[in-house]
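Okay, so here's the structure we're looking at.
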There are 2 protein chains.
Amino acid sequence: MDLDDRKFRILQAIIDDYILTAMPVGSRTISKKGGMTLSSATIRNEMSDLEELGYLDQPHASAGRVPSWKAYRLYVDRLLRVASLPPEESVHVKEIFKTRMDQMEDVLSAAARAISELTDYAGVMIAPKAGRVQRVQLVPITATTALMVTVTDNGVHKDSVVPIPRDLSPDHLYMISNVLTERAQGRTIAEILPMTDELLQDIGLHRSLFPSLLDRLARQMEPDSATVVVGSTSKLLAQPEFNDIDRARGLLSALETKDQLARLLSARSQLEFSITIGPELMLDGMQNSSLVTVSYSLGGGAGAMGVIGPSRMQYGRVLGILSAMRQALNEIDEKPGKGS
Amino acid sequence: MDLDDRKFRILQAIIDDYILTAMPVGSRTISKKGGMTLSSATIRNEMSDLEELGYLDQPHASAGRVPSWKAYRLYVDRLLRVASLPPEESVHVKEIFKTRMDQMEDVLSAAARAISELTDYAGVMIAPKAGRVQRVQLVPITATTALMVTVTDNGVHKDSVVPIPRDLSPDHLYMISNVLTERAQGRTIAEILPMTDELLQDIGLHRSLFPSLLDRLARQMEPDSATVVVGSTSKLLAQPEFNDIDRARGLLSALETKDQLARLLSARSQLEFSITIGPELMLDGMQNSSLVTVSYSLGGGAGAMGVIGPSRMQYGRVLGILSAMRQALNEIDEKPGKGS
DNA sequence: CTTAGCACTCGATGAGCAAGAGTGCTAACA
DNA sequence: TGTTAGCACTCTTGCTCATCGAGTGCTAAG
């Protein structure tokens, strides 16, 4: 069931053309442009075969052929070449993070915007996975609430408001923070949770307080939808496939449900890169879209970033841009004043 | 140049109809539906006058009339009635903030989403203005960086990474935090900035450190684009005016430049409510859109929220929803475990 | 001042037609 | 046996043209 070399070349030519034009590709086009010396009739026969094999679709009887998701899959698996960036763009990418970034948030949204800008698709970022706890500190807010700030070894920090007993002074909180820090330091959340009992024994004083704190700690450490940043989506609307407003709406609203995106991206933060095509995403409103991701590391933690765009995507170009971004992000670590 | 009562009523009928149908309104429609006992010919004459006065536009010679922004302005100034919510929706609004919200972020995005959901336009929120500093705390991250967490009296907190001298122990940082807190407590940023010299004298030890910290503090306190949250924008695409994809793109990209929105909203956080129509916004891509805002207070700080939609907006309904939201937000304060 | 009546305008709709792109099939050819 | 020229056929696209109808402005009568 494998394709012979000629079929490959023809399929590639079709995909290349379709990616550029978004128009169904006819046999004559390939016969002329494709660098092949075959007549359109021969191409037609081959195309007919390719359709039967499920690599091409025909919108209607007298239109050209359109690649199916199966074709894209083959394309990225076997035919894809990563396009390296032209030098001026490459420089541009390096520039993005030149300005001071105090917060993880800043880095993420700058990167997501940049990805959108460079690719003309929608850029998406997920923050690096929180690593091991490095410090926990309680900062008083009101008489009965405090802010629990957690810093991890990859520089990610999170905070949440926790209730505290009324009679705790700031110094008390600081002491508790130190105990918490001592106990939690260097551990992942999975390691911390069973420690509850031990902790409770240590500080008989605030028995009631700690289960709640550990709960929060656990919640803070898991990747959540808040750590997903979507870049410019308006770029997407320029793509011809979204002249159909309903499709556009479907995709946009899919992009707005951040927890879906969080799942997708966080699942891919272990993969150096990934390409997921249309139906493979198994999400409503994204049957005709693809997700391309690369992982990156920031402060030692692994995150993922990518672009979402029509399946007819310039995969090579996009991968090139994403690779450049990865490198730029990784370099942030080496600089002082780095992203939180 | 004032309009007589009948012109008012006719104009109102036209706007009411147009808001519902998004179609140019003809004289016959008004004559029949408008509750008036005038013939279409009479209406026609009046409409002709209204057009001359700039309240109506005519897309083309043989179409009906469409309200101009001037008409909407008049409408909201003099003819608008706030629609109170049907009880079941009112209950729904109260439910939104029932779940525990640890972070300001959570509250904002839940609210923005809810506004979008209820109105079918795009909801926007800006965080309450930071008030007076209540506590400043430095949490060590690495040997040379710390997280500066600032808590204000209205519960807003912000953080940013600051460089610190290499030889500071956590306890040192805690002491410095206490000094900073003592000095800054109860003051606004405008009051803190001139204090630099005083502070430097107090702690001769870390002269070089403090200007940088105060800088950060100042930056933290100003409202920034990060505090703007936009709810679901895909709802907007359902509006018939955005069948024109270019318009949709224009508006969406306007919604993506958050600092513009930040300016708009923060300028309106002092007003109980505001309605700004198309050209009055003076922004590209929003000539045909309106912004309706109400202020709210959370933790004692004033913020603003609103919706952005086509000028042909159900102003009364939107105001009703926003009022309900304001009330729901204000009530969060009274509960424990409140928004950050 | 109101309104009935009427001529006029102009967009929307749909039919009809020609052009063009593309296909599949067949038959000839190497 | 694979390739290709040729051709009939299909279907979309764009165009024109006529028609329809909503809506207007004007005029003259009530």
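Labels used: A, B, ... for chains in the order of the structure tokens, numbers from 1 for residues in each chain, and numbers from 1 for ligands as shown.
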Review point. What are the DSSP strand (DSSP E or B) residues of region 48-292 of chain A, as a PyMOL selection string?
Key: chain A and resi 56-57+65-67+122-126+133-140+145-152+157-163+228-230+273-277+289-292
Point to revise | Contact residues (chain C, partner chain A, 10 Å, only C-alpha atoms (C1' of nucleotides)) as a list in words | key: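 Only these qualify: DA21, DG22, DT23 and DG24 of chain C.
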Output as a PDB file with C-alpha atoms (C1' of nucleotides), in the first residue's frame the set of chain D residues within 9 Å of chain B, with distances taken over only C-alpha atoms (C1' of nucleotides).
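Result written to result.pdb:
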ATOM      1  C1'  DA D  22     -38.929  48.019  -1.152  1.00  0.00           C
ATOM      2  C1'  DG D  23     -38.478  52.507  -0.480  1.00  0.00           C
ATOM      3  C1'  DT D  24     -38.155  57.277  -1.751  1.00  0.00           C
ATOM      4  C1'  DG D  25     -39.571  62.124  -3.185  1.00  0.00           C
TER       5       DG D  25
END
Exercise for review: Pull out every residue of chain A sitting within 9 Å of chain B, counting only C-alpha atoms, and send them as a VMD selection string.
Suggested key: chain A and resid 101 to 103 105 to 106 134 to 137 139 to 142 144 to 145 147 149 151 to 153 155 157 159 to 163 174 226 231 to 238 242 to 246 248 to 253 256 336 to 340
Least-squares Cα fit of chain B to chain A, output as a short mmCIF file (atom, residue, chain, number, x, y, z; two decimals) with C-alpha atoms, in the first residue's frame:
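out_29.cif written:
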data_model
loop_
_atom_site.label_atom_id
_atom_site.label_comp_id
_atom_site.auth_asym_id
_atom_site.auth_seq_id
_atom_site.Cartn_x
_atom_site.Cartn_y
_atom_site.Cartn_z
CA MET B 1 0.03 -0.02 0.05
CA ASP B 2 3.07 2.20 -0.14
CA LEU B 3 3.36 4.94 -2.67
CA ASP B 4 5.97 4.77 -5.36
CA ASP B 5 8.40 7.56 -5.83
CA ARG B 6 6.50 9.29 -8.59
CA LYS B 7 3.28 9.40 -6.61
CA PHE B 8 5.22 10.95 -3.79
CA ARG B 9 6.61 13.65 -5.98
CA ILE B 10 3.23 14.41 -7.45
CA LEU B 11 1.58 14.51 -4.07
CA GLN B 12 4.25 16.81 -2.79
CA ALA B 13 3.80 19.11 -5.76
CA ILE B 14 0.06 19.22 -5.15
CA ILE B 15 0.46 19.99 -1.47
CA ASP B 16 3.10 22.62 -2.15
CA ASP B 17 0.84 24.32 -4.61
CA TYR B 18 -2.23 24.08 -2.45
CA ILE B 19 -0.43 25.48 0.56
CA LEU B 20 0.46 28.50 -1.48
CA THR B 21 -2.76 29.11 -3.33
CA ALA B 22 -5.53 27.55 -1.24
CA MET B 23 -7.13 26.57 -4.54
CA PRO B 24 -7.86 23.04 -5.72
CA VAL B 25 -4.95 21.88 -7.84
CA GLY B 26 -5.50 20.53 -11.35
CA SER B 27 -3.44 18.06 -13.28
CA ARG B 28 -2.27 20.60 -15.80
CA THR B 29 -0.80 22.83 -13.14
CA ILE B 30 1.32 20.00 -11.84
CA SER B 31 2.32 18.89 -15.30
CA LYS B 32 3.63 22.33 -16.08
CA LYS B 33 4.95 23.72 -12.84
CA GLY B 34 5.84 20.56 -11.03
CA GLY B 35 9.28 20.19 -12.51
CA MET B 36 8.08 16.92 -13.92
CA THR B 37 8.07 15.90 -17.53
CA LEU B 38 4.79 14.13 -17.55
CA SER B 39 1.67 15.05 -19.41
CA SER B 40 -1.41 16.13 -17.59
CA ALA B 41 -3.12 12.90 -18.56
CA THR B 42 -0.55 10.85 -16.73
CA ILE B 43 -0.81 13.08 -13.72
CA ARG B 44 -4.54 12.65 -13.88
CA ASN B 45 -4.22 8.92 -13.64
CA GLU B 46 -1.89 9.20 -10.71
CA MET B 47 -4.14 11.68 -9.02
CA SER B 48 -7.02 9.36 -9.46
CA ASP B 49 -4.99 6.67 -7.70
CA LEU B 50 -4.00 9.07 -4.94
CA GLU B 51 -7.62 9.94 -4.40
CA GLU B 52 -8.54 6.29 -4.13
CA LEU B 53 -5.78 5.86 -1.56
CA GLY B 54 -7.27 8.65 0.48
CA TYR B 55 -4.60 11.28 0.00
CA LEU B 56 -6.65 13.61 -2.11
CA ASP B 57 -10.18 14.90 -2.03
CA GLN B 58 -12.19 16.33 -4.83
CA PRO B 59 -14.51 19.17 -3.82
CA HIS B 60 -16.66 18.43 -6.86
CA ALA B 61 -16.44 16.52 -10.09
CA SER B 62 -14.84 19.12 -12.26
CA ALA B 63 -12.56 20.79 -9.75
CA GLY B 64 -8.96 20.03 -8.99
CA ARG B 65 -7.82 17.98 -6.04
CA VAL B 66 -7.28 19.06 -2.47
CA PRO B 67 -4.94 17.27 -0.05
CA SER B 68 -6.62 15.30 2.72
CA TRP B 69 -5.33 15.32 6.27
CA LYS B 70 -3.75 11.97 5.48
CA ALA B 71 -1.76 13.73 2.81
CA TYR B 72 -0.59 16.39 5.21
CA ARG B 73 0.36 13.70 7.65
CA LEU B 74 2.50 12.01 5.00
CA TYR B 75 3.86 15.35 3.98
CA VAL B 76 5.08 16.31 7.42
CA ASP B 77 6.32 12.80 8.16
CA ARG B 78 8.32 12.21 5.05
CA LEU B 79 8.51 15.21 2.82
CA LEU B 80 8.90 18.12 5.16
CA ARG B 81 11.95 20.28 5.16
CA VAL B 82 12.40 22.85 7.88
CA ALA B 83 12.92 26.22 6.32
CA SER B 84 15.64 28.16 8.02
CA LEU B 85 14.84 31.80 8.62
CA PRO B 86 16.23 34.53 6.44
CA PRO B 87 18.93 36.31 8.46
CA GLU B 88 16.97 39.52 9.01
CA GLU B 89 14.05 37.64 10.53
CA SER B 90 16.43 35.63 12.62
CA VAL B 91 17.83 38.83 14.04
CA HIS B 92 14.32 40.09 14.63
CA VAL B 93 13.53 37.05 16.75
CA LYS B 94 16.55 37.63 18.94
CA GLU B 95 15.42 41.20 19.47
CA ILE B 96 12.08 40.24 20.90
CA PHE B 97 13.34 39.39 24.34
CA LYS B 98 15.90 42.15 24.53
CA THR B 99 13.64 44.33 26.60
CA ARG B 100 13.47 43.63 30.28
CA MET B 101 10.92 41.04 31.25
CA ASP B 102 10.06 40.81 34.89
CA GLN B 103 7.28 38.35 34.77
CA MET B 104 6.78 35.00 33.19
CA GLU B 105 3.54 36.48 31.94
CA ASP B 106 5.42 39.13 29.99
CA VAL B 107 7.68 36.61 28.33
CA LEU B 108 4.81 34.38 27.37
CA SER B 109 2.69 37.05 25.83
CA ALA B 110 5.58 38.67 24.02
CA ALA B 111 6.48 35.29 22.58
CA ALA B 112 2.92 34.44 21.61
CA ARG B 113 2.48 37.78 19.90
CA ALA B 114 5.77 37.38 18.11
CA ILE B 115 4.82 33.95 16.85
CA SER B 116 1.56 35.31 15.50
CA GLU B 117 3.37 38.21 13.93
CA LEU B 118 5.96 36.09 12.19
CA THR B 119 3.77 33.26 11.03
CA ASP B 120 0.46 35.02 10.38
CA TYR B 121 -1.22 32.23 12.28
CA ALA B 122 -2.29 32.16 15.91
CA GLY B 123 0.58 31.74 18.34
CA VAL B 124 0.02 29.79 21.55
CA MET B 125 2.23 29.37 24.57
CA ILE B 126 2.07 27.39 27.73
CA ALA B 127 4.24 28.27 30.69
CA PRO B 128 7.02 25.91 31.65
CA LYS B 129 5.98 23.13 33.95
CA ALA B 130 6.53 24.06 37.53
CA GLY B 131 9.45 22.12 38.83
CA ARG B 132 10.52 21.59 42.38
CA VAL B 133 9.45 23.91 45.10
CA GLN B 134 12.18 26.24 46.11
CA ARG B 135 10.52 28.59 48.47
CA VAL B 136 7.10 29.13 49.98
CA GLN B 137 6.25 32.41 51.56
CA LEU B 138 3.15 33.79 53.20
CA VAL B 139 2.56 37.50 52.85
CA PRO B 140 -0.15 39.00 55.05
CA ILE B 141 -3.00 40.73 53.29
CA THR B 142 -5.70 41.19 55.90
CA ALA B 143 -6.15 39.94 59.43
CA THR B 144 -7.56 36.68 58.13
CA THR B 145 -5.99 36.20 54.73
CA ALA B 146 -2.51 35.86 53.37
CA LEU B 147 -0.96 35.52 49.98
CA MET B 148 0.91 32.28 49.54
CA VAL B 149 3.74 32.78 47.07
CA THR B 150 5.51 29.74 45.76
CA VAL B 151 8.76 29.95 43.85
CA THR B 152 10.06 26.93 42.02
CA ASP B 153 13.54 26.12 40.91
CA ASN B 154 12.75 27.02 37.34
CA GLY B 155 11.80 30.50 38.32
CA VAL B 156 8.08 30.06 37.93
CA HIS B 157 6.10 31.59 40.68
CA LYS B 158 2.47 31.41 41.56
CA ASP B 159 0.36 32.85 44.26
CA SER B 160 -3.02 32.41 45.79
CA VAL B 161 -4.95 33.84 48.67
CA VAL B 162 -5.31 31.59 51.67
CA PRO B 163 -7.31 32.06 54.86
CA ILE B 164 -5.30 32.23 58.05
CA PRO B 165 -6.20 32.28 61.74
CA ARG B 166 -6.82 35.72 63.03
CA ASP B 167 -4.04 35.90 65.61
CA LEU B 168 -0.99 35.40 63.40
CA SER B 169 1.55 38.18 63.27
CA PRO B 170 3.67 38.79 60.15
CA ASP B 171 6.64 37.36 61.99
CA HIS B 172 4.67 34.27 62.78
CA LEU B 173 3.83 33.93 59.13
CA TYR B 174 7.44 34.34 58.25
CA MET B 175 8.38 31.54 60.59
CA ILE B 176 5.72 29.30 59.20
CA SER B 177 6.92 30.16 55.73
CA ASN B 178 10.37 29.08 56.69
CA VAL B 179 9.16 25.78 58.02
CA LEU B 180 7.10 25.21 54.91
CA THR B 181 10.05 26.13 52.75
CA GLU B 182 12.38 23.84 54.62
CA ARG B 183 10.00 20.98 54.22
CA ALA B 184 8.94 21.51 50.66
CA GLN B 185 12.21 22.67 49.19
CA GLY B 186 13.50 20.56 46.36
CA ARG B 187 10.38 18.46 46.12
CA THR B 188 7.68 18.15 43.56
CA ILE B 189 4.09 18.37 44.51
CA ALA B 190 3.70 14.61 44.28
CA GLU B 191 6.31 14.33 46.98
CA ILE B 192 4.84 17.04 49.15
CA LEU B 193 1.29 15.84 49.45
CA PRO B 194 2.03 12.70 51.50
CA MET B 195 4.03 14.83 53.93
CA THR B 196 0.98 16.37 55.49
CA ASP B 197 1.09 14.27 58.60
CA GLU B 198 4.74 14.89 59.19
CA LEU B 199 4.23 18.61 58.91
CA LEU B 200 1.29 18.62 61.22
CA GLN B 201 3.34 16.94 63.86
CA ASP B 202 6.13 19.45 63.51
CA ILE B 203 3.94 22.41 64.09
CA GLY B 204 1.28 21.39 66.48
CA LEU B 205 0.43 25.01 66.72
CA HIS B 206 -1.48 25.40 63.49
CA ARG B 207 -2.90 22.03 62.79
CA SER B 208 -5.98 23.37 61.14
CA LEU B 209 -4.03 25.62 58.86
CA PHE B 210 -1.84 23.22 57.04
CA PRO B 211 -4.09 20.88 55.18
CA SER B 212 -5.58 23.89 53.52
CA LEU B 213 -2.16 25.28 52.64
CA LEU B 214 -0.98 22.03 51.16
CA ASP B 215 -4.12 21.85 49.13
CA ARG B 216 -3.39 25.24 47.69
CA LEU B 217 0.18 24.32 47.04
CA ALA B 218 -0.96 21.30 45.09
CA ARG B 219 -3.39 23.37 43.08
CA GLN B 220 -0.73 25.94 42.34
CA MET B 221 1.67 23.42 40.96
CA GLU B 222 -0.51 21.84 38.35
CA PRO B 223 -0.51 23.48 34.96
CA ASP B 224 -3.71 25.38 34.58
CA SER B 225 -5.48 27.18 31.84
CA ALA B 226 -4.30 30.52 33.16
CA THR B 227 -0.81 29.71 31.95
CA VAL B 228 -1.92 29.49 28.34
CA VAL B 229 -1.46 32.58 26.27
CA VAL B 230 -2.91 33.01 22.82
CA GLY B 231 -1.29 35.53 20.51
CA SER B 232 -3.04 37.52 17.89
CA THR B 233 -5.99 35.65 16.45
CA SER B 234 -7.07 38.35 14.06
CA LYS B 235 -4.25 37.33 11.75
CA LEU B 236 -6.03 34.08 11.16
CA LEU B 237 -9.00 35.82 9.62
CA ALA B 238 -6.79 36.85 6.73
CA GLN B 239 -6.50 33.22 5.65
CA PRO B 240 -8.84 32.51 2.76
CA GLU B 241 -10.38 29.48 4.46
CA PHE B 242 -11.93 31.83 6.98
CA ASN B 243 -13.87 33.79 4.44
CA ASP B 244 -16.47 31.38 5.65
CA ILE B 245 -17.42 33.19 8.83
CA ASP B 246 -18.78 30.12 10.52
CA ARG B 247 -15.51 28.32 10.31
CA ALA B 248 -13.77 31.35 11.70
CA ARG B 249 -16.18 31.44 14.58
CA GLY B 250 -15.70 27.78 15.29
CA LEU B 251 -11.96 28.09 15.45
CA LEU B 252 -11.98 31.29 17.47
CA SER B 253 -14.24 29.86 20.09
CA ALA B 254 -12.08 26.75 20.23
CA LEU B 255 -9.13 29.04 20.88
CA GLU B 256 -11.03 30.67 23.68
CA THR B 257 -11.51 27.53 25.71
CA LYS B 258 -8.11 27.66 27.22
CA ASP B 259 -8.24 24.44 29.15
CA GLN B 260 -8.44 22.44 25.94
CA LEU B 261 -5.40 24.27 24.72
CA ALA B 262 -3.69 23.73 28.03
CA ARG B 263 -4.19 20.01 27.69
CA LEU B 264 -2.94 19.95 24.13
CA LEU B 265 0.14 21.99 24.84
CA SER B 266 1.07 20.47 28.13
CA ALA B 267 0.87 17.01 26.59
CA ARG B 268 3.36 18.20 23.99
CA SER B 269 5.85 19.90 26.24
CA GLN B 270 7.86 16.70 26.34
CA LEU B 271 8.23 16.48 22.57
CA GLU B 272 10.92 18.43 20.83
CA PHE B 273 8.38 19.17 18.17
CA SER B 274 5.01 17.88 17.10
CA ILE B 275 2.60 18.39 14.28
CA THR B 276 -1.02 17.49 14.74
CA ILE B 277 -3.37 17.71 11.85
CA GLY B 278 -7.08 18.43 11.76
CA PRO B 279 -8.97 15.34 12.83
CA GLU B 280 -6.04 14.17 14.93
CA LEU B 281 -6.75 17.04 17.31
CA MET B 282 -10.19 15.61 17.95
CA LEU B 283 -11.66 18.97 18.78
CA ASP B 284 -14.78 20.58 17.46
CA GLY B 285 -14.11 23.51 15.23
CA MET B 286 -10.58 22.42 14.50
CA GLN B 287 -11.10 19.71 11.91
CA ASN B 288 -9.48 21.90 9.31
CA SER B 289 -6.77 23.30 11.52
CA SER B 290 -3.36 22.07 12.51
CA LEU B 291 -1.26 22.53 15.58
CA VAL B 292 2.50 22.74 15.31
CA THR B 293 4.43 22.83 18.56
CA VAL B 294 7.97 22.90 19.77
CA SER B 295 9.07 22.55 23.34
CA TYR B 296 11.27 25.09 25.02
CA SER B 297 12.89 25.39 28.33
CA LEU B 298 12.90 28.42 30.52
CA GLY B 299 14.52 28.47 33.90
CA GLY B 300 15.02 24.75 33.61
CA GLY B 301 11.33 23.98 33.18
CA ALA B 302 9.85 22.56 30.01
CA GLY B 303 7.09 24.43 28.25
CA ALA B 304 5.58 24.27 24.82
CA MET B 305 4.69 26.81 22.22
CA GLY B 306 3.16 26.53 18.83
CA VAL B 307 0.92 27.88 16.20
CA ILE B 308 -2.60 27.02 15.21
CA GLY B 309 -3.58 27.62 11.65
CA PRO B 310 -5.32 26.00 8.74
CA SER B 311 -4.15 22.50 7.86
CA ARG B 312 -2.92 24.10 4.70
CA MET B 313 -0.06 25.52 6.65
CA GLN B 314 3.48 26.39 5.69
CA TYR B 315 4.80 23.71 7.98
CA GLY B 316 8.41 24.13 7.02
CA ARG B 317 8.41 27.84 7.56
CA VAL B 318 6.49 27.59 10.79
CA LEU B 319 8.88 25.02 12.18
CA GLY B 320 11.78 27.24 11.24
CA ILE B 321 10.28 30.18 13.08
CA LEU B 322 9.38 28.12 16.10
CA SER B 323 12.89 26.70 16.28
CA ALA B 324 14.31 30.18 16.23
CA MET B 325 11.91 31.20 18.97
CA ARG B 326 12.88 28.20 21.05
CA GLN B 327 16.48 29.20 20.81
CA ALA B 328 15.72 32.81 21.69
CA LEU B 329 13.74 31.69 24.73
CA ASN B 330 16.40 29.33 25.89
CA GLU B 331 18.90 32.12 25.74
CA ILE B 332 16.90 34.27 28.13
CA ASP B 333 18.06 32.06 30.95
CA GLU B 334 21.62 33.06 30.44
CA LYS B 335 20.88 36.73 30.82
CA PRO B 336 20.34 38.51 34.11
CA GLY B 337 16.94 40.03 34.74
CA LYS B 338 15.56 37.00 33.05
CA GLY B 339 11.97 36.01 32.70
CA SER B 340 10.52 35.56 36.09
#
Per-residue nearest contacts of chain D to region 12-20 of chain C (12 Å; only C-alpha atoms (C1' of nucleotides)) as JSON lines:
{"residue": "D:DC11", "atom": "C1'", "partner": "C:DG20", "partner_atom": "C1'", "distance": 10.6}
{"residue": "D:DT12", "atom": "C1'", "partner": "C:DG20", "partner_atom": "C1'", "distance": 9.1}
{"residue": "D:DT13", "atom": "C1'", "partner": "C:DG20", "partner_atom": "C1'", "distance": 8.5}
{"residue": "D:DG14", "atom": "C1'", "partner": "C:DA19", "partner_atom": "C1'", "distance": 8.6}
{"residue": "D:DC15", "atom": "C1'", "partner": "C:DC17", "partner_atom": "C1'", "distance": 8.5}
{"residue": "D:DT16", "atom": "C1'", "partner": "C:DC17", "partner_atom": "C1'", "distance": 8.7}
{"residue": "D:DC17", "atom": "C1'", "partner": "C:DG16", "partner_atom": "C1'", "distance": 9.0}
{"residue": "D:DA18", "atom": "C1'", "partner": "C:DA15", "partner_atom": "C1'", "distance": 9.0}
{"residue": "D:DT19", "atom": "C1'", "partner": "C:DT13", "partner_atom": "C1'", "distance": 8.7}
{"residue": "D:DC20", "atom": "C1'", "partner": "C:DT13", "partner_atom": "C1'", "distance": 8.2}
{"residue": "D:DG21", "atom": "C1'", "partner": "C:DA12", "partner_atom": "C1'", "distance": 9.1}
{"residue": "D:DA22", "atom": "C1'", "partner": "C:DA12", "partner_atom": "C1'", "distance": 10.2}
For the residues selected in the previous step, produce a file with N, CA and C atoms (P, O5', C5', C4', C3', O3' and C1' of nucleotides) as a short mmCIF file (atom, residue, chain, number, x, y, z; two decimals), in the first residue's frame.
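Below is the file that was written, out.cif:
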data_model
loop_
_atom_site.label_atom_id
_atom_site.label_comp_id
_atom_site.auth_asym_id
_atom_site.auth_seq_id
_atom_site.Cartn_x
_atom_site.Cartn_y
_atom_site.Cartn_z
P DC D 11 -21.97 17.16 -12.63
"O5'" DC D 11 -21.38 18.50 -12.04
"C5'" DC D 11 -20.02 18.54 -11.63
"C4'" DC D 11 -19.54 19.96 -11.58
"C3'" DC D 11 -20.58 20.96 -11.08
"O3'" DC D 11 -20.12 21.50 -9.86
"C1'" DC D 11 -19.42 21.77 -12.99
P DT D 12 -20.87 22.68 -9.16
"O5'" DT D 12 -19.87 23.87 -9.47
"C5'" DT D 12 -18.52 23.78 -9.00
"C4'" DT D 12 -17.75 24.97 -9.52
"C3'" DT D 12 -18.20 26.32 -8.99
"O3'" DT D 12 -17.06 27.03 -8.58
"C1'" DT D 12 -18.16 26.34 -11.36
P DT D 13 -17.27 28.40 -7.86
"O5'" DT D 13 -17.12 29.42 -9.08
"C5'" DT D 13 -16.05 29.27 -9.99
"C4'" DT D 13 -16.05 30.45 -10.94
"C3'" DT D 13 -16.62 31.73 -10.35
"O3'" DT D 13 -15.77 32.81 -10.69
"C1'" DT D 13 -17.76 31.16 -12.35
P DG D 14 -16.02 34.24 -10.09
"O5'" DG D 14 -16.33 35.10 -11.40
"C5'" DG D 14 -15.73 34.75 -12.63
"C4'" DG D 14 -16.50 35.43 -13.75
"C3'" DG D 14 -17.12 36.77 -13.35
"O3'" DG D 14 -16.89 37.69 -14.40
"C1'" DG D 14 -18.81 35.35 -14.17
P DC D 15 -17.31 39.17 -14.25
"O5'" DC D 15 -18.51 39.27 -15.30
"C5'" DC D 15 -18.29 38.88 -16.66
"C4'" DC D 15 -19.62 38.87 -17.36
"C3'" DC D 15 -20.49 40.08 -17.05
"O3'" DC D 15 -20.49 40.98 -18.15
"C1'" DC D 15 -21.73 38.01 -16.99
P DT D 16 -21.31 42.33 -18.04
"O5'" DT D 16 -22.69 41.93 -18.69
"C5'" DT D 16 -22.71 41.06 -19.83
"C4'" DT D 16 -24.16 40.72 -20.14
"C3'" DT D 16 -25.11 41.91 -20.00
"O3'" DT D 16 -25.98 41.95 -21.13
"C1'" DT D 16 -25.87 40.11 -18.68
P DC D 17 -26.85 43.22 -21.44
"O5'" DC D 17 -28.31 42.68 -21.16
"C5'" DC D 17 -28.63 41.30 -21.43
"C4'" DC D 17 -29.95 40.98 -20.77
"C3'" DC D 17 -30.83 42.21 -20.55
"O3'" DC D 17 -32.13 41.98 -21.04
"C1'" DC D 17 -30.55 41.01 -18.52
P DA D 18 -33.16 43.14 -21.13
"O5'" DA D 18 -34.34 42.51 -20.28
"C5'" DA D 18 -34.60 41.11 -20.37
"C4'" DA D 18 -35.43 40.71 -19.18
"C3'" DA D 18 -36.50 41.73 -18.80
"O3'" DA D 18 -37.75 41.08 -18.62
"C1'" DA D 18 -35.09 41.28 -16.94
P DT D 19 -38.99 41.92 -18.21
"O5'" DT D 19 -39.12 41.50 -16.68
"C5'" DT D 19 -38.79 40.16 -16.31
"C4'" DT D 19 -38.91 40.05 -14.81
"C3'" DT D 19 -40.03 40.91 -14.21
"O3'" DT D 19 -40.80 40.13 -13.33
"C1'" DT D 19 -37.97 41.37 -13.13
P DC D 20 -42.08 40.72 -12.69
"O5'" DC D 20 -41.57 40.91 -11.19
"C5'" DC D 20 -40.68 39.95 -10.64
"C4'" DC D 20 -40.36 40.34 -9.22
"C3'" DC D 20 -41.45 41.13 -8.52
"O3'" DC D 20 -41.61 40.63 -7.21
"C1'" DC D 20 -39.43 42.38 -8.54
P DG D 21 -42.85 41.14 -6.38
"O5'" DG D 21 -42.13 42.08 -5.34
"C5'" DG D 21 -40.89 41.66 -4.77
"C4'" DG D 21 -40.32 42.81 -3.99
"C3'" DG D 21 -41.39 43.68 -3.32
"O3'" DG D 21 -40.88 44.11 -2.08
"C1'" DG D 21 -40.08 45.01 -4.71
P DA D 22 -41.88 44.33 -0.94
"O5'" DA D 22 -40.91 45.08 0.08
"C5'" DA D 22 -39.52 44.78 0.05
"C4'" DA D 22 -38.74 46.07 0.10
"C3'" DA D 22 -39.40 47.14 0.98
"O3'" DA D 22 -38.44 47.68 1.85
"C1'" DA D 22 -38.93 48.02 -1.15
#
